[in-house]
file work.cif (mmCIF, C-alpha atoms)
data_query
loop_
_atom_site.label_atom_id
_atom_site.label_comp_id
_atom_site.auth_asym_id
_atom_site.auth_seq_id
_atom_site.Cartn_x
_atom_site.Cartn_y
_atom_site.Cartn_z
CA MET D 1 167.74 82.69 -43.69
CA PHE D 2 170.56 83.79 -45.97
CA SER D 3 171.84 80.19 -46.11
CA ARG D 4 168.41 78.96 -47.26
CA PHE D 5 168.33 81.59 -50.02
CA LEU D 6 171.82 80.58 -51.17
CA HIS D 7 170.81 76.90 -51.21
CA ARG D 8 167.82 77.68 -53.49
CA ILE D 9 170.06 79.50 -55.96
CA GLN D 10 172.53 76.63 -56.11
CA SER D 11 169.80 73.99 -56.54
CA SER D 12 168.16 75.93 -59.40
CA LYS D 13 171.44 76.35 -61.28
CA PRO D 14 171.29 74.45 -64.60
CA GLN D 15 173.67 71.54 -64.98
CA ILE D 16 176.29 71.83 -67.71
CA THR D 17 176.89 68.63 -69.64
CA SER D 18 180.27 68.02 -71.19
CA LEU D 19 180.57 67.24 -74.88
CA ASN D 20 182.20 63.89 -74.12
CA SER D 21 179.16 62.67 -72.18
CA THR D 22 176.62 63.37 -74.93
CA LYS D 23 175.28 60.49 -76.98
CA PRO D 24 176.25 60.30 -80.63
CA PHE D 25 173.78 61.48 -83.25
CA THR D 26 171.62 58.84 -84.86
CA SER D 27 170.07 58.85 -88.30
CA LEU D 28 166.86 60.82 -88.56
CA ASN D 29 165.56 58.41 -91.18
CA PRO D 30 166.62 54.91 -90.09
CA LYS D 31 166.43 52.15 -92.69
CA PRO D 32 163.09 50.32 -92.40
CA ARG D 33 163.25 46.59 -91.83
CA THR D 34 162.60 44.35 -94.83
CA ARG D 35 159.07 42.99 -95.00
CA VAL D 36 158.81 39.27 -95.78
CA ALA D 37 155.90 37.31 -97.29
CA VAL D 38 155.83 33.49 -97.19
CA PHE D 39 153.87 31.51 -99.82
CA TRP D 40 153.45 27.75 -99.35
CA ASP D 41 152.37 25.41 -102.16
CA LEU D 42 150.86 22.58 -100.10
CA ASP D 43 149.89 20.55 -103.17
CA ASN D 44 153.53 20.32 -104.22
CA LYS D 45 155.30 20.46 -100.85
CA PRO D 46 153.21 19.15 -97.94
CA PRO D 47 154.91 18.67 -94.55
CA ALA D 48 154.76 14.89 -94.89
CA SER D 49 157.91 14.11 -92.91
CA HIS D 50 157.38 16.72 -90.17
CA PRO D 51 154.47 17.65 -87.88
CA PRO D 52 152.53 20.52 -89.52
CA HIS D 53 152.76 22.88 -86.57
CA ASP D 54 156.50 22.31 -86.14
CA ALA D 55 157.06 22.84 -89.87
CA ALA D 56 155.13 26.11 -89.77
CA VAL D 57 157.16 27.37 -86.81
CA LYS D 58 160.44 26.39 -88.49
CA LEU D 59 159.43 28.17 -91.68
CA ARG D 60 158.57 31.34 -89.79
CA THR D 61 161.92 31.21 -88.00
CA ALA D 62 163.79 30.81 -91.29
CA ALA D 63 161.83 33.61 -92.96
CA SER D 64 162.36 35.98 -90.03
CA SER D 65 166.11 35.92 -90.70
CA PHE D 66 165.40 37.96 -93.87
CA GLY D 67 163.29 40.60 -92.12
CA SER D 68 159.93 41.10 -90.48
CA VAL D 69 157.40 38.43 -91.50
CA LYS D 70 154.17 40.21 -92.49
CA LEU D 71 152.32 37.46 -94.37
CA MET D 72 152.25 33.65 -94.27
CA VAL D 73 149.76 31.94 -96.58
CA ALA D 74 149.30 28.33 -97.75
CA TYR D 75 147.18 27.12 -100.68
CA ALA D 76 145.93 23.61 -101.45
CA ASN D 77 142.90 21.71 -102.71
CA ARG D 78 140.68 19.38 -100.71
CA HIS D 79 142.82 16.29 -101.38
CA ALA D 80 145.84 17.82 -99.65
CA PHE D 81 143.84 18.28 -96.43
CA SER D 82 142.30 14.79 -96.52
CA TYR D 83 145.64 13.06 -97.19
CA VAL D 84 147.28 11.24 -94.27
CA PRO D 85 151.06 10.64 -94.46
CA LEU D 86 152.44 7.12 -94.10
CA GLN D 87 154.12 7.92 -90.80
CA VAL D 88 150.83 9.14 -89.29
CA ARG D 89 148.99 6.08 -90.57
CA GLU D 90 151.57 3.80 -88.96
CA GLU D 91 151.30 5.66 -85.66
CA ARG D 92 147.51 5.33 -85.68
CA LYS D 93 147.76 1.59 -86.43
CA ASP D 94 150.15 1.09 -83.51
CA ARG D 95 147.90 3.15 -81.24
CA LYS D 96 144.88 1.03 -82.18
CA LEU D 97 146.77 -2.19 -81.41
CA LEU D 98 147.93 -0.81 -78.07
CA ASN D 99 144.36 0.17 -77.18
CA GLN D 100 143.25 -3.43 -77.74
CA LEU D 101 146.04 -4.75 -75.53
CA GLU D 102 145.11 -2.29 -72.76
CA LYS D 103 141.47 -3.26 -73.06
CA THR D 104 142.21 -6.95 -72.56
CA GLY D 105 144.63 -6.25 -69.73
CA LEU D 106 147.71 -7.56 -71.56
CA SER D 107 149.41 -4.18 -71.43
CA LYS D 108 149.52 -1.42 -68.84
CA PRO D 109 150.90 2.08 -69.41
CA ALA D 110 153.89 3.24 -67.40
CA GLU D 111 151.93 6.38 -66.49
CA ARG D 112 148.19 6.84 -66.43
CA TYR D 113 146.59 8.84 -69.23
CA PHE D 114 145.89 12.43 -68.25
CA CYS D 115 142.86 14.52 -69.23
CA GLY D 116 144.03 18.00 -70.12
CA VAL D 117 140.66 19.61 -69.24
CA CYS D 118 139.66 18.25 -65.82
CA GLY D 119 142.86 16.51 -64.75
CA ARG D 120 141.43 13.01 -64.30
CA ARG D 121 143.69 10.03 -64.99
CA PHE D 122 142.88 6.70 -66.64
CA TYR D 123 144.66 3.37 -67.04
CA ALA D 124 143.36 2.86 -70.61
CA ASN D 125 143.44 5.28 -73.51
CA GLU D 126 139.99 4.25 -74.72
CA LYS D 127 138.49 5.19 -71.34
CA LEU D 128 140.10 8.62 -71.63
CA ILE D 129 138.62 9.06 -75.12
CA ALA D 130 135.16 7.99 -73.93
CA HIS D 131 135.36 10.36 -70.96
CA PHE D 132 136.50 13.22 -73.18
CA ARG D 133 133.70 12.72 -75.71
CA GLN D 134 130.90 12.24 -73.18
CA ILE D 135 131.75 15.21 -70.97
CA HIS D 136 134.12 17.76 -72.46
CA GLU D 137 133.11 17.49 -76.12
CA THR D 138 129.44 17.84 -75.16
CA GLU D 139 130.20 20.89 -73.00
CA ASN D 140 132.17 22.53 -75.78
CA GLN D 141 129.35 21.95 -78.28
CA LYS D 142 126.92 23.66 -75.88
CA ARG D 143 129.23 26.69 -75.62
CA VAL D 144 129.52 26.91 -79.41
CA ARG D 145 125.73 26.79 -79.82
CA GLN D 146 125.26 29.51 -77.21
CA ILE D 147 127.74 31.78 -78.98
CA GLU D 148 126.22 31.15 -82.41
CA SER D 149 122.67 31.87 -81.19
CA ALA D 150 123.64 35.10 -79.39
CA LYS D 151 123.89 38.51 -81.06
CA GLY D 152 125.40 41.89 -80.35
CA HIS D 153 126.87 42.58 -76.94
CA GLN D 154 125.62 39.28 -75.56
CA ARG D 155 127.69 37.41 -78.15
CA VAL D 156 130.76 39.46 -77.23
CA ARG D 157 130.29 38.69 -73.54
CA LEU D 158 129.89 34.96 -74.20
CA VAL D 159 133.04 34.86 -76.34
CA ALA D 160 135.00 36.57 -73.59
CA LYS D 161 133.48 34.27 -70.97
CA TYR D 162 134.23 31.00 -72.77
CA SER D 163 137.46 31.88 -74.60
CA MET D 164 139.76 30.40 -71.94
CA LYS D 165 137.74 27.19 -71.60
CA MET D 166 137.43 26.68 -75.35
CA GLU D 167 141.14 27.20 -75.88
CA LYS D 168 141.91 24.70 -73.12
CA TYR D 169 139.56 22.21 -74.77
CA LYS D 170 141.27 22.63 -78.17
CA ARG D 171 144.71 22.00 -76.69
CA ALA D 172 143.51 18.84 -74.95
CA ALA D 173 141.55 17.59 -77.97
CA ARG D 174 144.65 17.63 -80.18
CA ASN D 175 146.21 14.95 -77.97
CA VAL D 176 143.09 12.83 -77.43
CA LEU D 177 140.79 12.89 -80.46
CA THR D 178 141.63 11.75 -83.97
CA PRO D 179 140.53 14.16 -86.75
CA LYS D 180 137.58 12.90 -88.76
CA GLU D 181 139.37 13.74 -92.03
CA GLY D 182 143.10 13.94 -92.70
CA TYR D 183 145.40 14.61 -89.78
CA GLY D 184 144.48 18.18 -88.84
CA LEU D 185 146.73 19.87 -91.42
CA ALA D 186 144.73 23.09 -91.76
CA GLU D 187 144.22 23.50 -88.00
CA GLU D 188 147.88 22.89 -87.20
CA LEU D 189 149.13 25.32 -89.86
CA THR D 190 146.67 27.94 -88.67
CA ARG D 191 147.93 27.45 -85.14
CA GLY D 192 151.44 27.96 -86.49
CA GLY D 193 150.52 31.37 -87.90
CA PHE D 194 149.61 30.55 -91.52
CA TRP D 195 146.51 31.71 -93.34
CA VAL D 196 145.27 28.50 -94.99
CA LYS D 197 143.17 28.70 -98.14
CA MET D 198 141.38 25.76 -99.76
CA VAL D 199 140.77 26.03 -103.51
CA SER D 200 138.74 23.96 -105.95
CA ASP D 201 139.84 20.53 -107.14
CA LYS D 202 140.44 21.73 -110.69
CA PRO D 203 143.97 21.12 -112.09
CA GLU D 204 146.50 23.82 -111.20
CA ALA D 205 143.87 25.73 -109.16
CA ALA D 206 146.18 26.13 -106.17
CA ASP D 207 149.09 27.26 -108.37
CA ARG D 208 147.01 29.92 -110.10
CA ALA D 209 145.64 31.25 -106.81
CA LEU D 210 149.12 31.34 -105.29
CA LYS D 211 150.61 33.16 -108.29
CA GLU D 212 147.81 35.73 -108.26
CA HIS D 213 148.37 36.34 -104.56
CA MET D 214 152.12 36.79 -105.07
CA VAL D 215 151.59 39.28 -107.91
CA ASP D 216 149.01 41.15 -105.84
CA VAL D 217 151.50 41.49 -102.97
CA MET D 218 154.09 42.85 -105.41
CA ASP D 219 151.61 45.30 -106.95
CA ARG D 220 150.63 46.62 -103.53
CA ARG D 221 154.29 46.78 -102.46
CA GLU D 222 153.51 44.92 -99.26
CA ALA D 223 156.83 43.03 -99.11
CA GLU D 224 160.46 43.36 -100.18
CA CYS D 225 161.25 39.64 -99.86
CA LEU D 226 159.25 36.68 -101.15
CA VAL D 227 159.73 33.19 -99.68
CA LEU D 228 158.28 30.36 -101.81
CA VAL D 229 157.91 26.81 -100.49
CA SER D 230 157.63 24.67 -103.61
CA ASP D 231 159.52 22.63 -106.21
CA ASP D 232 157.08 23.45 -109.02
CA SER D 233 158.99 25.03 -111.90
CA GLY D 234 155.81 26.84 -112.98
CA PHE D 235 156.56 29.56 -110.40
CA ALA D 236 159.78 30.57 -112.20
CA GLU D 237 158.06 33.36 -114.12
CA VAL D 238 156.71 34.90 -110.92
CA LEU D 239 160.17 34.79 -109.35
CA TRP D 240 161.67 36.46 -112.42
CA GLU D 241 159.06 39.21 -112.16
CA ALA D 242 159.93 39.68 -108.48
CA LYS D 243 163.62 40.02 -109.38
CA GLU D 244 162.74 42.57 -112.08
CA ARG D 245 161.01 44.59 -109.35
CA CYS D 246 164.15 44.39 -107.19
CA LEU D 247 162.65 42.02 -104.61
CA ARG D 248 164.67 39.33 -102.87
CA THR D 249 163.50 35.81 -103.65
CA VAL D 250 163.98 32.73 -101.46
CA VAL D 251 163.00 29.16 -102.42
CA ILE D 252 162.59 26.21 -100.04
CA GLY D 253 162.33 22.76 -101.59
CA ASP D 254 163.88 19.33 -101.85
CA LEU D 255 165.18 19.45 -105.44
CA SER D 256 168.86 20.35 -105.28
CA GLU D 257 169.07 21.40 -108.94
CA GLY D 258 165.56 22.62 -109.61
CA LYS D 259 164.67 25.49 -111.91
CA LEU D 260 163.32 27.58 -109.04
CA LYS D 261 166.57 27.38 -107.09
CA ARG D 262 168.52 28.55 -110.16
CA VAL D 263 166.27 31.60 -110.46
CA ALA D 264 166.01 32.54 -106.76
CA ASP D 265 168.58 34.63 -104.89
CA VAL D 266 168.74 32.12 -102.02
CA ALA D 267 167.66 28.47 -101.88
CA TYR D 268 167.33 26.03 -98.98
CA SER D 269 166.20 22.47 -98.48
CA TRP D 270 163.63 21.22 -95.97
CA LYS D 271 166.42 19.62 -93.98
CA GLU D 272 168.21 22.95 -93.60
CA VAL D 273 165.00 24.63 -92.47
CA VAL D 274 164.22 21.96 -89.86
CA MET D 275 167.79 21.97 -88.53
CA GLY D 276 167.79 25.77 -88.24
CA LYS D 277 170.53 26.26 -90.85
CA ALA D 278 168.38 28.37 -93.19
CA LYS D 279 169.58 31.87 -92.42
CA LYS D 280 170.12 35.03 -94.39
CA GLU D 281 173.19 35.05 -96.59
CA ARG D 282 175.04 38.34 -96.69
CA GLY D 283 175.49 39.86 -100.12
CA PHE D 284 174.10 42.46 -102.48
CA CYS D 285 170.40 42.45 -103.14
CA CYS D 286 168.61 45.26 -104.92
CA GLY D 287 166.52 47.12 -102.37
CA ASP D 288 168.49 45.66 -99.47
CA TRP D 289 171.80 47.46 -100.14
CA ASP D 290 173.90 45.03 -98.20
CA TYR D 291 177.36 45.04 -99.75
CA GLY D 292 178.67 42.08 -97.81
CA PHE D 293 180.96 43.92 -95.38
CA ASP D 294 181.48 42.08 -92.12
CA SER D 295 179.59 44.10 -89.53
CA ASP D 296 181.23 42.21 -86.68
CA GLY D 297 184.70 43.41 -87.59
CA ASP D 298 186.35 46.79 -87.21
CA ASP D 299 184.84 49.40 -89.50
CA ASP D 300 188.17 51.19 -89.78
CA GLU D 301 189.93 48.21 -91.36
CA VAL D 302 189.39 48.77 -95.10
CA GLU D 303 191.59 47.34 -97.80
CA SER D 304 193.67 49.92 -99.61
CA GLY D 305 193.87 50.23 -103.39
CA ALA D 306 197.40 48.82 -103.49
CA GLU D 307 196.30 45.66 -101.63
CA MET D 308 193.38 45.23 -104.02
CA GLY D 309 195.78 45.23 -106.94
CA ASP D 310 194.28 48.04 -109.02
CA GLY D 311 196.71 50.75 -107.90
CA GLY D 312 193.89 53.19 -107.18
CA ASP D 313 191.60 54.21 -104.34
CA TRP D 314 188.90 51.81 -103.23
CA TRP D 315 186.08 54.16 -104.17
CA GLU D 316 187.21 54.49 -107.79
CA MET D 317 185.33 51.67 -109.52
CA ASP D 318 185.24 52.96 -113.11
CA ASP D 319 185.23 50.37 -115.86
CA GLU D 320 187.29 50.40 -119.06
CA ASP D 321 184.94 52.83 -120.78
CA GLY D 322 185.30 55.31 -117.95
CA ALA D 323 181.74 54.93 -116.71
CA GLY D 324 181.00 53.83 -113.13
CA SER D 325 180.07 50.17 -112.96
CA SER D 326 177.03 49.02 -111.03
CA ARG D 327 175.15 45.77 -110.62
CA PRO D 328 171.63 45.67 -112.12
CA CYS D 329 168.58 44.42 -110.28
CA ARG D 330 168.34 41.22 -112.28
#

call {"tool": "encode", "arguments": {"input": "work.cif", "output": "structure tokens"}}
result
Amino acid sequence: MFSRFLHRIQSSKPQITSLNSTKPFTSLNPKPRTRVAVFWDLDNKPPASHPPHDAAVKLRTAASSFGSVKLMVAYANRHAFSYVPLQVREERKDRKLLNQLEKTGLSKPAERYFCGVCGRRFYANEKLIAHFRQIHETENQKRVRQIESAKGHQRVRLVAKYSMKMEKYKRAARNVLTPKEGYGLAEELTRGGFWVKMVSDKPEAADRALKEHMVDVMDRREAECLVLVSDDSGFAEVLWEAKERCLRTVVIGDLSEGKLKRVADVAYSWKEVVMGKAKKERGFCCGDWDYGFDSDGDDDEVESGAEMGDGGDWWEMDDEDGAGSSRPCR
């Protein structure tokens, strides 16, 4: 009995932790991650040489190197969404010729065409299209009509019931059906995470809407970094205003010596974005407070004043007038 009592006392004894085993203190107010907003001028810089969805994903990847992407928006008029690039037109022409050869039996595919909804296979692409339109497109239209006619909780239940089937239909339709207008630019960009806005066909309507949206984001302080996809020099004033407000500015375009790239803090080309070379450059930016020290190296290795050539300590950065020098926002 005495041994049981002694065991209870030993088990209830608090454990003493050594100072060497404790974790180091962390900052109570860690630095918040930079918020990034992406603005795409589709009238000036459409993804003509790249698939829209792939271009949207690449842009998001490039923008995420500057911080947390909070907004991605694209503006264009109706003509930008109805336009079909030359490469897409050539692919459609070749596909039409191949369909005729398959129909006459002069050509056979190496693998049968696969229906992404039901799994059936066909030897001709036109038979797959006919099957898809007659069965799956009709079924999807019925589901849409049921959801639109329902109200309240019944509508919610129908959306939950058909969401998986409708999503499966959309994925399969992208590979089978040809868009009635354009080449599915708005749908593909939306699938890539962009909020796509169509404006009127008036001159400079998309530019004005995009500028107003950028200024509104700055007024609301919703982002610390603005990424602009355009070569239009008319956005230079907005970029200057962003720099006056101590925001980082990034421009993506094809003009190597454009006015926008001379104003922006960082500039990339489409080729660099597609190849994954568009990444954050280290350096000072007002609001970012990154002084360009190599974080991968040893923090204890700091150049002394004698090595820097000024004969003083590294923290003494007074100018000739005796006042501390600092870099302005602009």

call {"tool": "resolve_selection", "arguments": {"input": "work.cif", "expression": "the PyMOL selection byres ((chain D and resi 192-206) around 7)", "output": "PyMOL selection string"}}
result
chain D and resi 53+56-57+72-78+186+188-191+207-210

call {"tool": "atom_distance", "arguments": {"input": "work.cif", "atom1": "atom CA of D:Glu237", "atom2": "atom CA of D:Lys58"}}
result
26.7 Å

call {"tool": "atom_distance", "arguments": {"input": "work.cif", "atom1": "atom CA of D:Tyr183", "atom2": "atom CA of D:His50"}}
result
12.2 Å

call {"tool": "resolve_selection", "arguments": {"input": "work.cif", "expression": "the PyMOL selection byres ((chain D and resi 232) around 9)", "output": "MDAnalysis selection string"}}
result
chainID D and resid 41 44:45 207 230:231 233:236 258:260

call {"tool": "write_last_selection", "arguments": {"input": "work.cif", "atoms": "C-alpha atoms", "output": "JSON list (two decimals), keeping the file's coordinate frame"}}
result
[["chain", "number", "residue", "atom", "x", "y", "z"],
["D", 41, "ASP", "CA", 152.37, 25.41, -102.16],
["D", 44, "ASN", "CA", 153.53, 20.32, -104.22],
["D", 45, "LYS", "CA", 155.30, 20.46, -100.85],
["D", 207, "ASP", "CA", 149.09, 27.26, -108.37],
["D", 230, "SER", "CA", 157.63, 24.67, -103.61],
["D", 231, "ASP", "CA", 159.52, 22.63, -106.21],
["D", 233, "SER", "CA", 158.99, 25.03, -111.90],
["D", 234, "GLY", "CA", 155.81, 26.84, -112.98],
["D", 235, "PHE", "CA", 156.56, 29.56, -110.40],
["D", 236, "ALA", "CA", 159.78, 30.57, -112.20],
["D", 258, "GLY", "CA", 165.56, 22.62, -109.61],
["D", 259, "LYS", "CA", 164.67, 25.49, -111.91],
["D", 260, "LEU", "CA", 163.32, 27.58, -109.04]]

call {"tool": "residues_around", "arguments": {"input": "work.cif", "residues": "stretch 249-255 of chain D", "least_positions_apart": "6", "cutoff": "6 Å", "atoms": "all atoms listed in the file", "output": "list in words"}}
result
Cys225, Leu226, Val227, Leu228, Val229, Ser230, Asp231, Ala264, Asp265, Val266, Ala267, Tyr268, Ser269 and Trp270 of chain D

call {"tool": "resolve_selection", "arguments": {"input": "work.cif", "expression": "the PyMOL selection byres ((chain D and resi 215) around 12)", "output": "list of chain:residue names"}}
result
D:Ala37, D:Phe39, D:Arg208, D:Ala209, D:Leu210, D:Lys211, D:Glu212, D:His213, D:Met214, D:Asp216, D:Val217, D:Met218, D:Asp219, D:Arg220, D:Arg221, D:Glu222, D:Ala223, D:Leu226, D:Phe235, D:Glu237, D:Val238, D:Leu239, D:Trp240, D:Glu241, D:Ala242, D:Arg245, D:Leu247

call {"tool": "closest_residue", "arguments": {"input": "work.cif", "among": "D:Arg248, D:Lys271, D:Lys277, D:Lys180", "to": "D:Ala55", "atoms": "only C-alpha atoms"}}
result
D:Lys271

call {"tool": "atom_distance", "arguments": {"input": "work.cif", "atom1": "atom CA of D:Gln134", "atom2": "atom CA of D:Phe114"}}
result
15.8 Å

call {"tool": "build_atoms", "arguments": {"input": "work.cif", "residues": "stretch 175-186 of chain D", "atoms": "N, CA and C atoms", "output": "CSV table (one decimal), keeping the file's coordinate frame"}}
result
chain,number,residue,atom,x,y,z
D,175,ASN,N,145.5,16.1,-78.5
D,175,ASN,CA,146.2,15.0,-78.0
D,175,ASN,C,145.3,13.7,-77.7
D,176,VAL,N,144.0,13.9,-77.8
D,176,VAL,CA,143.1,12.8,-77.4
D,176,VAL,C,142.3,12.3,-78.6
D,177,LEU,N,141.7,13.3,-79.4
D,177,LEU,CA,140.8,12.9,-80.5
D,177,LEU,C,141.5,12.8,-81.8
D,178,THR,N,141.1,11.9,-82.6
D,178,THR,CA,141.6,11.8,-84.0
D,178,THR,C,140.8,12.5,-84.9
D,179,PRO,N,141.3,13.4,-85.8
D,179,PRO,CA,140.5,14.2,-86.8
D,179,PRO,C,139.7,13.2,-87.6
D,180,LYS,N,138.5,13.7,-87.9
D,180,LYS,CA,137.6,12.9,-88.8
D,180,LYS,C,138.1,12.8,-90.2
D,181,GLU,N,138.8,13.8,-90.7
D,181,GLU,CA,139.4,13.7,-92.0
D,181,GLU,C,140.8,14.3,-92.0
D,182,GLY,N,141.7,13.5,-92.7
D,182,GLY,CA,143.1,13.9,-92.7
D,182,GLY,C,143.8,13.8,-91.3
D,183,TYR,N,144.7,14.7,-91.1
D,183,TYR,CA,145.4,14.6,-89.8
D,183,TYR,C,145.5,16.0,-89.2
D,184,GLY,N,144.5,16.8,-89.4
D,184,GLY,CA,144.5,18.2,-88.8
D,184,GLY,C,145.5,19.1,-89.5
D,185,LEU,N,145.7,19.0,-90.8
D,185,LEU,CA,146.7,19.9,-91.4
D,185,LEU,C,146.4,21.3,-91.4
D,186,ALA,N,145.1,21.7,-91.7
D,186,ALA,CA,144.7,23.1,-91.8
D,186,ALA,C,144.8,23.7,-90.4
